[in-house]
Structures are given as structure tokens and as C-alpha cells.
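Heads up, input09.cif below (mmCIF, C-alpha atoms and all ligand atoms):
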```
data_structure
loop_
_atom_site.label_atom_id
_atom_site.label_comp_id
_atom_site.auth_asym_id
_atom_site.auth_seq_id
_atom_site.Cartn_x
_atom_site.Cartn_y
_atom_site.Cartn_z
CA MET A 13 -68.11 137.86 139.82
CA LYS A 14 -71.84 138.58 139.91
CA ILE A 15 -72.73 141.21 142.49
CA LEU A 16 -76.16 142.46 143.56
CA LEU A 17 -76.59 145.81 145.31
CA THR A 18 -80.02 146.15 146.89
CA LEU A 19 -82.17 147.84 149.49
CA PRO A 20 -85.70 147.06 150.69
CA LYS A 21 -88.85 149.12 150.37
CA ASN A 22 -89.44 151.40 153.32
CA VAL A 23 -92.24 150.57 155.69
CA ASP A 24 -95.57 152.26 155.03
CA GLN A 25 -97.67 154.60 157.10
CA ILE A 26 -94.98 156.26 159.14
CA LYS A 27 -95.70 159.94 159.46
CA SER A 28 -93.22 162.61 160.41
CA GLY A 29 -93.63 166.36 160.04
CA GLY A 30 -96.99 165.74 158.35
CA ILE A 31 -95.41 163.91 155.41
CA VAL A 32 -95.99 160.26 154.66
CA ARG A 33 -92.28 159.73 154.41
CA SER A 34 -92.48 156.23 153.03
CA LYS A 35 -93.39 157.91 149.72
CA ARG A 36 -89.92 159.38 149.60
CA LYS A 37 -88.07 157.90 146.68
CA TYR A 38 -84.52 159.10 146.83
CA PRO A 39 -81.80 157.55 144.72
CA PRO A 40 -79.41 155.36 146.73
CA ILE A 41 -76.34 157.32 145.69
CA GLU A 42 -74.18 155.01 147.81
CA PHE A 43 -74.78 152.38 145.11
CA LEU A 44 -73.74 154.70 142.29
CA TYR A 45 -70.06 155.15 143.04
CA LEU A 46 -69.81 151.66 144.50
CA GLY A 47 -71.53 150.04 141.50
CA THR A 48 -69.38 152.03 139.07
CA ILE A 49 -66.15 151.00 140.82
CA LEU A 50 -67.18 147.33 141.01
CA SER A 51 -68.35 147.27 137.36
CA GLU A 52 -64.74 147.64 136.23
CA ASN A 53 -64.02 144.01 137.12
CA HIS A 54 -67.39 142.45 137.91
CA THR A 55 -71.00 142.17 136.72
CA VAL A 56 -73.14 144.47 138.84
CA LYS A 57 -76.90 144.72 139.16
CA VAL A 58 -78.83 147.17 141.37
CA ILE A 59 -82.35 146.51 142.68
CA ASP A 60 -83.83 149.57 144.34
CA GLY A 61 -86.72 147.98 146.22
CA ASN A 62 -87.89 151.31 147.58
CA ALA A 63 -88.07 153.43 144.43
CA GLU A 64 -89.44 150.61 142.29
CA ASN A 65 -91.89 149.35 144.92
CA ILE A 66 -90.40 145.89 144.85
CA LYS A 67 -91.68 143.73 147.66
CA LEU A 68 -89.38 141.51 149.67
CA ASP A 69 -90.59 138.32 147.94
CA LYS A 70 -89.69 139.76 144.55
CA ILE A 71 -86.23 140.78 145.73
CA LYS A 72 -85.78 137.20 146.95
CA LYS A 73 -86.93 135.83 143.57
CA ASN A 74 -84.41 138.13 141.88
CA ILE A 75 -81.66 136.74 144.07
CA GLU A 76 -82.66 133.18 143.07
CA ARG A 77 -82.83 134.07 139.38
CA TYR A 78 -79.70 136.25 139.18
CA GLY A 79 -77.62 133.99 141.42
CA PRO A 80 -75.14 136.59 142.72
CA GLU A 81 -71.96 135.53 144.47
CA TRP A 82 -72.11 138.70 146.57
CA VAL A 83 -75.11 140.68 147.84
CA VAL A 84 -74.51 144.16 149.26
CA ILE A 85 -77.49 145.35 151.30
CA SER A 86 -78.11 148.95 152.32
CA SER A 87 -80.53 149.50 155.20
CA GLU A 88 -81.51 153.02 154.35
CA ALA A 89 -83.80 153.90 151.49
CA TRP A 90 -84.14 157.57 152.41
CA ASP A 91 -80.74 158.88 153.12
CA PHE A 92 -77.66 156.72 153.38
CA TRP A 93 -76.16 159.22 155.82
CA GLY A 94 -79.34 159.84 157.78
CA CYS A 95 -80.72 158.46 161.03
CA PRO A 96 -81.50 154.75 160.90
CA PHE A 97 -85.19 154.44 160.32
CA PRO A 98 -86.93 152.69 163.24
CA TYR A 99 -87.25 149.00 162.35
CA GLY A 100 -85.77 149.75 158.90
CA GLY A 101 -82.97 147.26 159.43
CA GLN A 102 -85.26 144.26 159.77
CA LEU A 103 -86.10 143.98 156.08
CA SER A 104 -82.40 144.20 155.24
CA TRP A 105 -81.71 141.34 157.64
CA GLU A 106 -84.32 139.21 155.87
CA ILE A 107 -82.67 139.85 152.51
CA GLY A 108 -79.29 139.00 154.04
CA ALA A 109 -80.56 135.72 155.49
CA PHE A 110 -82.13 134.72 152.15
CA ALA A 111 -78.98 135.59 150.20
CA LYS A 112 -76.92 133.44 152.56
CA GLU A 113 -79.33 130.50 152.09
CA ASN A 114 -78.70 130.93 148.37
CA ASN A 115 -74.94 130.65 148.85
CA ALA A 116 -74.14 134.33 148.38
CA LYS A 117 -71.74 136.20 150.64
CA THR A 118 -73.39 139.22 152.24
CA ILE A 119 -72.18 142.73 153.09
CA PHE A 120 -74.27 145.13 155.20
CA ILE A 121 -73.82 148.90 154.69
CA GLY A 122 -75.64 152.02 155.93
CA PRO A 123 -76.31 153.73 159.25
CA TYR A 124 -77.24 150.57 161.19
CA ALA A 125 -73.98 148.96 160.09
CA SER A 126 -71.98 152.09 160.90
CA LEU A 127 -73.39 152.68 164.37
CA THR A 128 -73.54 149.23 165.96
CA PRO A 129 -71.67 146.89 163.58
CA GLN A 130 -71.13 144.18 166.19
CA ASP A 131 -74.93 143.68 166.44
CA TYR A 132 -75.10 142.35 162.86
CA LEU A 133 -72.07 140.08 162.67
CA HIS A 134 -74.32 137.05 163.11
CA LYS A 135 -76.60 138.21 160.27
CA PHE A 136 -74.09 139.18 157.57
CA ASP A 137 -70.67 137.95 156.48
CA PHE A 138 -69.18 141.45 156.49
CA ILE A 139 -70.19 144.82 157.91
CA VAL A 140 -69.02 148.11 156.41
CA GLN A 141 -68.92 151.22 158.54
CA ASN A 142 -69.24 154.67 156.95
CA ASP A 143 -68.00 155.14 153.34
CA PRO A 144 -68.91 151.96 151.43
CA GLU A 145 -67.04 152.43 148.14
CA ILE A 146 -63.51 151.19 148.77
CA ALA A 147 -64.34 149.04 151.82
CA VAL A 148 -66.78 146.87 149.83
CA GLN A 149 -64.32 146.57 146.94
CA LYS A 150 -61.58 145.42 149.33
CA ILE A 151 -63.87 142.78 150.88
CA ILE A 152 -65.05 141.38 147.53
CA GLU A 153 -61.55 141.29 146.10
CA GLY A 154 -60.22 139.52 149.21
CA LYS A 155 -57.95 142.39 150.25
CA THR A 156 -59.03 142.39 153.89
CA LYS A 157 -59.50 139.65 156.44
CA GLU A 158 -61.52 141.84 158.85
CA ARG A 159 -65.27 141.28 159.16
CA ILE A 160 -66.00 144.87 160.22
CA VAL A 161 -64.38 147.13 157.66
CA ARG A 162 -63.97 150.90 157.59
CA PHE A 163 -62.14 152.70 154.81
CA PRO A 164 -62.61 156.48 154.38
CA VAL A 165 -62.48 157.64 150.78
CA ASP A 166 -61.03 160.68 149.07
CA LEU A 167 -64.10 162.06 147.29
CA ASN A 168 -61.99 163.16 144.35
CA MET A 169 -60.85 159.58 143.74
CA LEU A 170 -64.46 158.47 143.19
CA PRO A 171 -65.33 158.06 139.50
CA ILE A 172 -68.05 159.92 137.62
CA PRO A 173 -70.81 157.40 138.28
CA ASP A 174 -72.68 155.33 135.73
CA PHE A 175 -76.14 156.73 136.45
CA ASP A 176 -77.76 154.05 134.30
CA LEU A 177 -77.17 151.62 137.15
CA LEU A 178 -80.27 153.17 138.77
CA PRO A 179 -83.90 153.45 137.59
CA LEU A 180 -83.67 157.24 137.14
CA LYS A 181 -87.34 157.76 136.28
CA ALA A 182 -88.40 156.29 139.63
CA TYR A 183 -86.99 159.03 141.83
CA LYS A 184 -89.29 161.69 143.26
CA GLN A 185 -89.50 164.11 146.14
CA ASN A 186 -92.47 165.61 147.97
CA GLU A 187 -90.72 167.64 150.63
CA TYR A 188 -89.01 170.62 149.05
CA PRO A 189 -91.28 173.37 147.72
CA GLY A 190 -89.86 174.94 144.57
CA LEU A 191 -88.18 171.74 143.42
CA SER A 192 -89.84 169.59 140.77
CA LEU A 193 -91.55 166.52 142.16
CA ASN A 194 -90.35 164.25 139.36
CA ASN A 195 -87.12 164.15 137.36
CA PHE A 196 -85.43 164.54 140.71
CA PHE A 197 -82.03 163.40 141.93
CA VAL A 198 -79.86 163.71 145.02
CA LEU A 199 -76.29 165.00 144.88
CA SER A 200 -73.50 164.85 147.41
CA GLY A 201 -70.50 167.16 147.05
CA SER A 202 -69.05 166.78 150.53
CA ARG A 203 -68.92 164.43 153.49
CA GLY A 204 -68.06 164.93 157.16
CA CYS A 205 -68.81 167.52 159.80
CA PRO A 206 -66.40 169.03 162.34
CA PHE A 207 -69.10 170.29 164.76
CA PRO A 208 -69.79 168.75 168.19
CA CYS A 209 -73.64 168.71 168.31
CA ILE A 210 -74.43 166.08 170.94
CA PHE A 211 -77.40 164.48 169.15
CA CYS A 212 -76.05 164.27 165.61
CA LEU A 213 -74.99 161.18 163.73
CA ASN A 214 -73.28 162.95 160.89
CA PRO A 215 -69.77 163.18 162.40
CA ILE A 216 -70.10 159.50 163.36
CA LEU A 217 -71.37 158.28 159.98
CA GLN A 218 -69.21 160.49 157.76
CA GLY A 219 -66.35 161.39 160.09
CA LYS A 220 -65.34 164.71 161.61
CA LYS A 221 -63.06 165.58 158.73
CA TYR A 222 -64.83 167.75 156.18
CA ARG A 223 -64.11 166.37 152.70
CA LEU A 224 -65.04 168.06 149.44
CA ARG A 225 -65.51 166.78 145.92
CA ASP A 226 -64.02 168.94 143.19
CA PRO A 227 -66.77 171.32 141.96
CA SER A 228 -65.96 170.40 138.33
CA LYS A 229 -66.90 166.77 139.09
CA VAL A 230 -70.15 167.85 140.78
CA ILE A 231 -71.03 169.97 137.75
CA GLU A 232 -70.15 167.13 135.37
CA GLU A 233 -72.56 164.87 137.27
CA ILE A 234 -75.30 167.51 136.99
CA GLU A 235 -74.71 167.86 133.24
CA ILE A 236 -74.89 164.09 132.68
CA LEU A 237 -78.11 163.91 134.68
CA MET A 238 -79.55 166.84 132.71
CA GLU A 239 -78.91 164.91 129.49
CA LYS A 240 -81.03 162.17 131.03
CA GLY A 241 -83.90 164.59 131.70
CA ILE A 242 -83.23 165.38 135.38
CA ARG A 243 -83.78 169.03 136.30
CA SER A 244 -84.32 169.00 140.05
CA PHE A 245 -81.61 168.31 142.64
CA PHE A 246 -81.18 168.21 146.37
CA PHE A 247 -77.68 168.43 147.83
CA GLN A 248 -77.53 165.92 150.66
CA ASP A 249 -74.42 167.63 152.07
CA SER A 250 -74.94 168.39 155.77
CA ILE A 251 -73.59 171.95 155.50
CA PHE A 252 -73.56 172.96 151.84
CA THR A 253 -72.26 176.47 152.64
CA LEU A 254 -69.51 175.48 155.11
CA ASN A 255 -66.78 176.18 152.56
CA LYS A 256 -67.95 179.38 150.95
CA LYS A 257 -65.42 179.28 148.11
CA TRP A 258 -66.48 175.75 147.14
CA ALA A 259 -70.21 176.61 147.25
CA GLN A 260 -69.57 179.82 145.31
CA THR A 261 -67.68 177.89 142.60
CA ILE A 262 -70.60 175.47 142.20
CA CYS A 263 -72.98 178.43 141.78
CA SER A 264 -70.68 180.26 139.34
CA GLU A 265 -70.31 177.13 137.20
CA ILE A 266 -74.08 176.60 137.07
CA ILE A 267 -74.58 180.27 136.10
CA ASN A 268 -71.71 180.41 133.57
CA LYS A 269 -72.77 177.20 131.87
CA GLY A 270 -76.42 178.33 131.82
CA LEU A 271 -77.64 175.13 133.47
CA GLU A 272 -81.38 175.53 133.95
CA ILE A 273 -82.04 173.53 137.07
CA ASN A 274 -83.78 173.94 140.41
CA TRP A 275 -82.08 172.73 143.53
CA GLY A 276 -82.08 172.76 147.31
CA ILE A 277 -79.57 172.49 150.11
CA GLN A 278 -79.28 172.13 153.88
CA THR A 279 -76.96 174.10 156.13
CA ARG A 280 -76.48 176.01 159.41
CA THR A 281 -77.44 179.64 159.95
CA ASP A 282 -73.89 180.71 160.82
CA PHE A 283 -72.52 179.74 157.41
CA THR A 284 -74.94 181.80 155.39
CA ARG A 285 -73.58 184.91 153.72
CA LYS A 286 -75.53 187.42 151.69
CA ASP A 287 -73.37 187.38 148.55
CA LEU A 288 -73.41 183.58 148.49
CA ILE A 289 -77.20 183.46 148.89
CA LYS A 290 -77.52 185.90 145.99
CA SER A 291 -75.37 183.63 143.81
CA MET A 292 -77.33 180.59 144.90
CA ALA A 293 -80.62 182.26 143.97
CA LYS A 294 -79.19 183.24 140.58
CA ALA A 295 -78.03 179.65 140.03
CA GLY A 296 -81.54 178.26 140.61
CA CYS A 297 -81.49 177.40 144.31
CA LYS A 298 -85.12 177.17 145.39
CA PHE A 299 -85.00 175.63 148.83
CA TYR A 300 -82.84 176.34 151.85
CA SER A 301 -83.18 173.99 154.79
CA LEU A 302 -81.79 175.30 158.07
CA GLY A 303 -80.80 173.07 160.98
CA VAL A 304 -81.85 175.33 163.85
CA GLU A 305 -82.93 172.53 166.25
CA HIS A 306 -83.78 174.75 169.22
CA ILE A 307 -83.95 178.48 169.76
CA ASP A 308 -83.62 178.53 173.54
CA PRO A 309 -80.04 179.56 174.48
CA SER A 310 -79.88 177.19 177.48
CA ILE A 311 -80.82 174.20 175.30
CA GLN A 312 -78.44 175.36 172.57
CA ARG A 313 -75.62 175.25 175.11
CA VAL A 314 -76.60 171.75 176.22
CA ILE A 315 -76.72 170.41 172.66
CA LYS A 316 -73.55 172.30 171.68
CA LYS A 317 -75.20 173.94 168.69
CA ILE A 318 -75.27 177.65 169.38
CA GLN A 319 -77.03 179.83 166.84
CA PRO A 320 -78.33 183.05 168.45
CA ILE A 321 -81.90 183.88 167.56
CA GLY A 322 -80.82 187.16 165.94
CA GLN A 323 -78.61 185.21 163.56
CA VAL A 324 -81.40 182.71 162.81
CA LEU A 325 -83.85 185.49 161.95
CA LYS A 326 -81.29 187.39 159.89
CA THR A 327 -80.51 184.27 157.86
CA ILE A 328 -84.17 183.49 157.24
CA LYS A 329 -84.72 187.06 156.12
CA MET A 330 -81.76 186.97 153.72
CA VAL A 331 -82.96 183.70 152.20
CA LEU A 332 -86.58 184.81 151.79
CA ASN A 333 -85.52 188.17 150.37
CA GLU A 334 -83.71 186.37 147.56
CA GLY A 335 -86.91 184.48 146.70
CA ILE A 336 -85.60 181.16 148.01
CA GLY A 337 -88.04 178.96 149.96
CA CYS A 338 -86.97 178.20 153.49
CA GLY A 339 -87.44 175.26 155.86
CA VAL A 340 -86.42 175.12 159.50
CA ASN A 341 -85.66 171.89 161.31
CA LEU A 342 -86.43 171.94 165.01
CA MET A 343 -86.14 169.29 167.68
CA MET A 344 -87.39 168.76 171.21
CA ASN A 345 -86.97 166.70 174.35
CA PHE A 346 -83.31 167.48 174.88
CA PRO A 347 -81.90 167.27 178.41
CA GLY A 348 -83.01 170.38 180.27
CA GLU A 349 -86.16 170.82 178.18
CA THR A 350 -88.99 172.39 180.16
CA LEU A 351 -92.42 173.57 179.19
CA ARG A 352 -90.94 177.07 178.96
CA THR A 353 -88.22 176.05 176.47
CA LEU A 354 -90.61 173.86 174.52
CA MET A 355 -93.13 176.66 174.27
CA LYS A 356 -90.44 178.98 173.00
CA ASN A 357 -89.57 176.57 170.21
CA ALA A 358 -93.26 176.00 169.45
CA LYS A 359 -93.87 179.76 169.27
CA PHE A 360 -90.96 180.10 166.90
CA ARG A 361 -92.41 177.29 164.77
CA ALA A 362 -95.76 179.07 164.72
CA TRP A 363 -94.01 182.30 163.71
CA CYS A 364 -92.34 180.42 160.84
CA ASP A 365 -95.79 179.35 159.64
CA LYS A 366 -96.72 182.97 159.12
CA PHE A 367 -94.01 183.33 156.49
CA GLY A 368 -94.58 180.01 154.77
CA ILE A 369 -91.43 178.54 156.30
CA GLY A 370 -91.75 174.76 156.38
CA GLY A 371 -90.46 172.14 158.80
CA GLY A 372 -91.57 170.57 162.04
CA ILE A 373 -90.43 169.84 165.56
CA LYS A 374 -89.17 166.30 165.83
CA PRO A 375 -88.55 164.53 169.12
CA VAL A 376 -84.87 163.70 169.42
CA ILE A 377 -83.71 160.07 169.38
CA PRO A 378 -80.47 159.43 171.28
CA PHE A 379 -78.77 157.05 168.84
CA PRO A 380 -75.80 154.97 170.00
CA GLY A 381 -72.49 156.70 169.46
CA THR A 382 -73.80 160.20 170.17
CA GLU A 383 -72.90 162.17 173.28
CA LEU A 384 -76.63 162.43 173.98
CA HIS A 385 -76.88 158.65 174.07
CA LYS A 386 -74.18 158.48 176.73
CA MET A 387 -75.83 161.25 178.77
CA GLN A 388 -79.24 159.56 178.70
CA LYS A 389 -78.02 156.04 179.48
CA PHE A 390 -80.10 154.54 176.68
CA PRO A 391 -79.77 150.90 175.51
CA ASN A 392 -77.02 150.08 173.03
CA SER A 393 -79.08 148.54 170.24
CA ILE A 394 -80.66 150.85 167.66
CA ASP A 395 -84.09 149.22 167.76
CA ALA A 396 -84.11 149.23 171.57
CA VAL A 397 -83.25 152.94 171.46
CA THR A 398 -86.06 153.76 169.04
CA ILE A 399 -88.58 151.82 171.14
CA GLU A 400 -87.33 153.47 174.32
CA ALA A 401 -87.25 156.89 172.65
CA GLY A 402 -90.86 156.36 171.57
CA ARG A 403 -91.81 156.11 175.24
CA TYR A 404 -89.47 158.92 176.22
CA ASN A 405 -90.91 161.20 173.57
CA LYS A 406 -94.43 160.70 174.86
CA ARG A 407 -93.49 162.74 177.89
CA PRO A 408 -95.63 165.82 178.57
CA PHE A 409 -93.48 167.97 176.25
CA TYR A 410 -94.63 166.15 173.17
CA LEU A 411 -98.26 166.10 174.26
CA PHE A 412 -98.00 169.77 175.06
CA TYR A 413 -96.55 170.57 171.65
CA ASN A 414 -99.41 168.77 169.91
CA MET A 415 -101.90 170.68 172.03
CA TYR A 416 -100.11 173.92 171.29
CA LYS A 417 -100.02 173.21 167.58
CA ARG A 418 -103.76 172.47 167.56
CA TYR A 419 -104.34 175.84 169.23
CA PHE A 420 -102.47 177.67 166.48
CA ASP A 421 -104.12 175.59 163.77
CA MET A 422 -107.48 176.57 165.22
CA MET A 423 -106.52 180.26 165.29
CA SER A 424 -105.33 179.94 161.74
CA ALA A 425 -108.63 178.39 160.66
CA LEU A 426 -110.43 181.32 162.28
CA HIS A 427 -108.13 183.78 160.45
CA LEU A 428 -106.80 184.92 163.79
CA LYS A 429 -103.27 183.90 163.03
CA ASP A 430 -101.96 187.44 162.85
CA SER A 431 -103.32 188.20 166.28
CA TYR A 432 -100.40 186.54 168.00
CA GLU A 433 -96.90 187.82 167.92
CA ILE A 434 -93.81 186.03 168.99
CA VAL A 435 -91.95 187.72 171.81
CA PHE A 436 -88.61 186.33 172.82
CA ASP A 437 -87.43 186.68 176.36
CA HIS A 438 -85.53 189.73 177.55
CA ARG A 439 -82.12 188.11 177.43
CA SER A 440 -82.27 187.65 173.66
CA ASN A 441 -83.58 191.22 173.36
CA LEU A 442 -85.24 190.51 170.04
CA SER A 443 -88.73 190.44 168.71
CA THR A 444 -90.05 189.63 165.26
CA PRO A 445 -88.32 191.87 162.70
CA LYS A 446 -91.04 193.91 161.08
CA SER A 447 -89.32 193.80 157.70
CA LEU A 448 -89.95 190.08 157.48
S1 LIG A 501 -76.25 169.00 163.46
FE1 LIG A 501 -75.26 169.79 161.61
S2 LIG A 501 -73.55 171.00 162.38
FE2 LIG A 501 -74.18 169.68 164.06
S3 LIG A 501 -72.86 167.88 163.91
FE3 LIG A 501 -74.75 167.47 162.76
S4 LIG A 501 -74.32 168.00 160.65
FE4 LIG A 501 -72.75 168.93 161.93
#
```
Would you write the structure of this file as C-alpha cells?
Ligand code: SF4
Amino acid sequence: MKILLTLPKNVDQIKSGGIVRSKRKYPPIEFLYLGTILSENHTVKVIDGNAENIKLDKIKKNIERYGPEWVVISSEAWDFWGCPFPYGGQLSWEIGAFAKENNAKTIFIGPYASLTPQDYLHKFDFIVQNDPEIAVQKIIEGKTKERIVRFPVDLNMLPIPDFDLLPLKAYKQNEYPGLSLNNFFVLSGSRGCPFPCIFCLNPILQGKKYRLRDPSKVIEEIEILMEKGIRSFFFQDSIFTLNKKWAQTICSEIINKGLEINWGIQTRTDFTRKDLIKSMAKAGCKFYSLGVEHIDPSIQRVIKKIQPIGQVLKTIKMVLNEGIGCGVNLMMNFPGETLRTLMKNAKFRAWCDKFGIGGGIKPVIPFPGTELHKMQKFPNSIDAVTIEAGRYNKRPFYLFYNMYKRYFDMMSALHLKDSYEIVFDHRSNLSTPKSL
């Protein structure tokens, strides 16, 4: 059978954290394993509308010309496991409708499909929640009668992908200092997260069970990509350092094999150990993204992500001391947020600026399926939530943060940046460590 795997170009002019994120051209790694598995018995073509700047009309023309019997559409061009991009689903729906008009069967995958599958049953023939690889294969080969299909995979059963399915030269990043902008690729060595953070989609999209891919397979993928000229990698794993032994093995293999690459990861502060960071630095890790979210203890308790400020500062210090660049992800507008808690987070953000630590403070969006969504009584459709959250996030907190940020920017412009010092409240009993 002829199968087309495709995703649309992201919408332009959306800014977040100061980056025009629509320029992000990440490889759709969901298509890699899936395409490789399907290629065993079928003819597979991938059209990455985002990386190759292919407009919707051209994707439609490709469907007419190629005449696939099946079209698999992913809604997410940034991160298959990430938050659904506001309005991002709409272009996918258009592709789906066109494919149906051209007599193809359609399958919808990605975060939209995973979170509210019932909303898209009238737009697509089948909806796949979470891992796409085996679920899509079962649908195409007629091994399931369900229209909403979920089939978790064992990561070690996934093949070494055929990277030539994707336009490798098209992938770039502009977010991680220390990593090359071009010759860039995304890796994923694990899926799942066992933590209960009330705002996070990861345990919903990937499951609560933490699954690992054998380090030897991850290294083999890196080596194949290096042969194709790729030198820069970002591990999309939510908590790269959660299993220390696994992360250490990846580092040791990179060091022992002398693989000259630069790479970045994301993780929590409580799974960061000094000896592992040393190995990561030696293995070429150049960027360490920390999901801190909020530094106020009362908000941390509400969101069920407790990382004491002392631990956050210690981790940042360890990372910077090893010469690894650091980014800190912060969020705001959680239940219980006040000007006091917001200011605390904003002061912390300003303190990060002093040490060249990147990242921003993003307003939280209570996506369906999260505990936060239930607490806030938001609508059930993703687009309705993003519209509603847009209004919700224009509350005084957000305006205040922007005002606050302008104040620090102004001080910075006047070279007065060092004249302020972050002072945490008495309960945390910590101030800025001088050694930083
Ligand atoms: S925020 Fe991080 S630790 Fe918490 S559930 Fe999400 S991925 Fe897991």
C-alpha cells in the first residue's frame, strides 16, 4: 500500500520567550520509527511541511500526485510530545479533509489526538493516542476495529530508523546555546514520567511508566547520524537524568567511542548529580534545561513539583561549573499565584539573567486531561482552552511581569544590573550564593 506521513508548516509570527518559534525546525521523529516499520511491507513517503516550508496547497498537490491509500497526519511540528500548539490542529484537519476527498483513509496522531480524541472522530477515519508506531501499523493492516487506538510500545522493540526518510539537511535549532544551529537532530531515549505535576501533559501523552531505550541503540542512532554529517543533538526526553545508570552509560559510550558531538538535555533539579554532570560535560553536553516552573514553596506544593530553592541553586551552580550552558523554564498564573509569588519568580528570572541562564516565564495553559484543567473548570476542547487561557493569562500577573521585566531591562541598559540582589524570604533562608 502507498502511505503518506505528513505534517503542516507551523503558523508564523507566534512569539514565546523572545524566540520566533515558528522558525523551529525539529525532525518529526515520530515518523522515523513509524515510517521504518511500515516500509517493511508498504511504500512510505514523508512530507515534512514545516522543515521544508511546504505550504498547504503544495501538500495537497502532493497527495493528488502521489495518490496514497493512507495518510497519517501529525499535528505537531515542534515536539510530538509537547503541548498542542494553539490553533496548530487546524492545518492538520485541512490536510485530513483533502486526503479524504481524494479517497485516502486518514489517521490523526500527536498531542491533539492524544488529549481529546473524540473531538476529531468526525474529521479523521482513525485517531491514535500516545505512541503512534504499533497503533498505526495495526490500523493500516486491519488488525483493529477500534477508531480510537492506543498501543504503548516497548522502546527496545523499535527498529533502528531509516533516517533517509526525512530531509536531514532541513533541521535546525535556534534555542540552545552551545549547540550547532545546523546539522541538528532530536533524539529520544526514553518515554513516560511517573511524577504528578498538575499542569503537565507528559504523563498523559507518554504514560506514567518510565520506559528506556537500550543505550547501545541510542548510540547506534547517533553514529548513523554522524555519518550523515549531523553533529548536534537535543534529547527530547523529559527527564534525561532520571535513571542515572542509563544516562551514565550513554555518556561513557560517547566518551569511549570518541564521538565528537555537542548535545543538550532537559531534566529536573532533583535528578542532577555531580559525577553525572562531569561525565555529561566530558561527553560534549553543552546545554542543560531545567524544569523549575516556580520557586515559591506554596506554589510548588499546589503544582506538586517541589524543588527547594537551595537545590535549584546548587544544581545550576554544578552545571555552570562544568562549563555547560543552563536554561531554566519557569511558569506563572498557577492557582494561588499572587503578586508576591509572581515577583519572587520574576526576581529569580532576573537573577538568572546575571549568569547568562536562559529561559522565560510562560503563562500556564490548563490543557484537558491535567489535574489543573479539572481544578480550573476550563472548557474541554483544546482550542477553547487556549482561547480561554489567553484571556486568563492577561490577568494582572502577566501585565505585572512584563512591567517588571521592562524595569530590569532598563536597569541592564543603564549598567545598573548588579545593583539589585535577589533576596529570598526568611523561610527559605537562602540568598544568592556568592560563588556563583
Ligand atoms: S513537569 Fe517534568 S517531572 Fe513533572 S510530570 Fe511533567 S515531565 Fe514529569
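Excluding A:Pro123 and any residue on its chain fewer than 3 positions from it, the residues at most 8 Å away by all atoms listed in the file are Ser87, Glu88, Phe92, Trp93, Gly94, Cys95, Pro96, Ser126, Leu127, Gln141, Asn142 and Leu217 of chain A.
Selection of all polymer residues within 6 Å of ligand LIG 501 (chain A) on the basis of all atoms listed in the file gives Cys205, Phe207, Pro208, Cys209, Cys212, Asn214, Pro215 and Ser250 of chain A.
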Need to verify the contact set: A:Asp166, 10 Å, all atoms listed in the file, exclusion of same-chain residues closer than 2 positions in sequence. Can you return it as a PyMOL selection string? chain A and resi 143+146+163-164+168-170+203+223-225
Non-local contacts of A:Gly303 (10 Å; all atoms listed in the file; under 5 positions in same chain excluded) as a list in words: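 These residues fall inside the cut-off: Ser250, Ile251, Gln278, Thr279, Arg280, Thr281, Lys317, Gln319, Val324, Gly339, Val340, Asn341, Leu342, Met343 and Gly371 of chain A.
Nearest residue to A:Ala63, choosing from A:Lys356, A:Lys184, A:Lys112, A:Lys298 and counting all atoms listed in the file: A:Lys184.
Here atom CA of A:Leu351 is placed at a distance of 21.2 Å from atom CA of A:Ile210.
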Among the residues A:Val56, A:Leu103, A:Ala358, A:Leu193, the one that comes closest to A:Lys21 [using only C-alpha atoms]: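 Using only C-alpha atoms, A:Lys21 sits closest to A:Leu103.
For the set A:Glu81, A:Glu334, A:Asp365, A:Asp226, the residue with the smallest atom-to-atom gap to A:Arg285 is A:Glu334, counting all atoms listed in the file.
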Extract, using all atoms listed in the file, all DNA, RNA and protein residues at most 7 Å from A:Glu233, discarding same-chain residues fewer than 4 positions from it, and format them as a PDB file with C-alpha atoms, in the coordinates of the input.
```
ATOM      1  CA  ILE A 172     -68.050 159.920 137.620  1.00  0.00           C
ATOM      2  CA  LYS A 229     -66.900 166.770 139.090  1.00  0.00           C
ATOM      3  CA  LEU A 237     -78.110 163.910 134.680  1.00  0.00           C
TER       4      LEU A 237
END
```
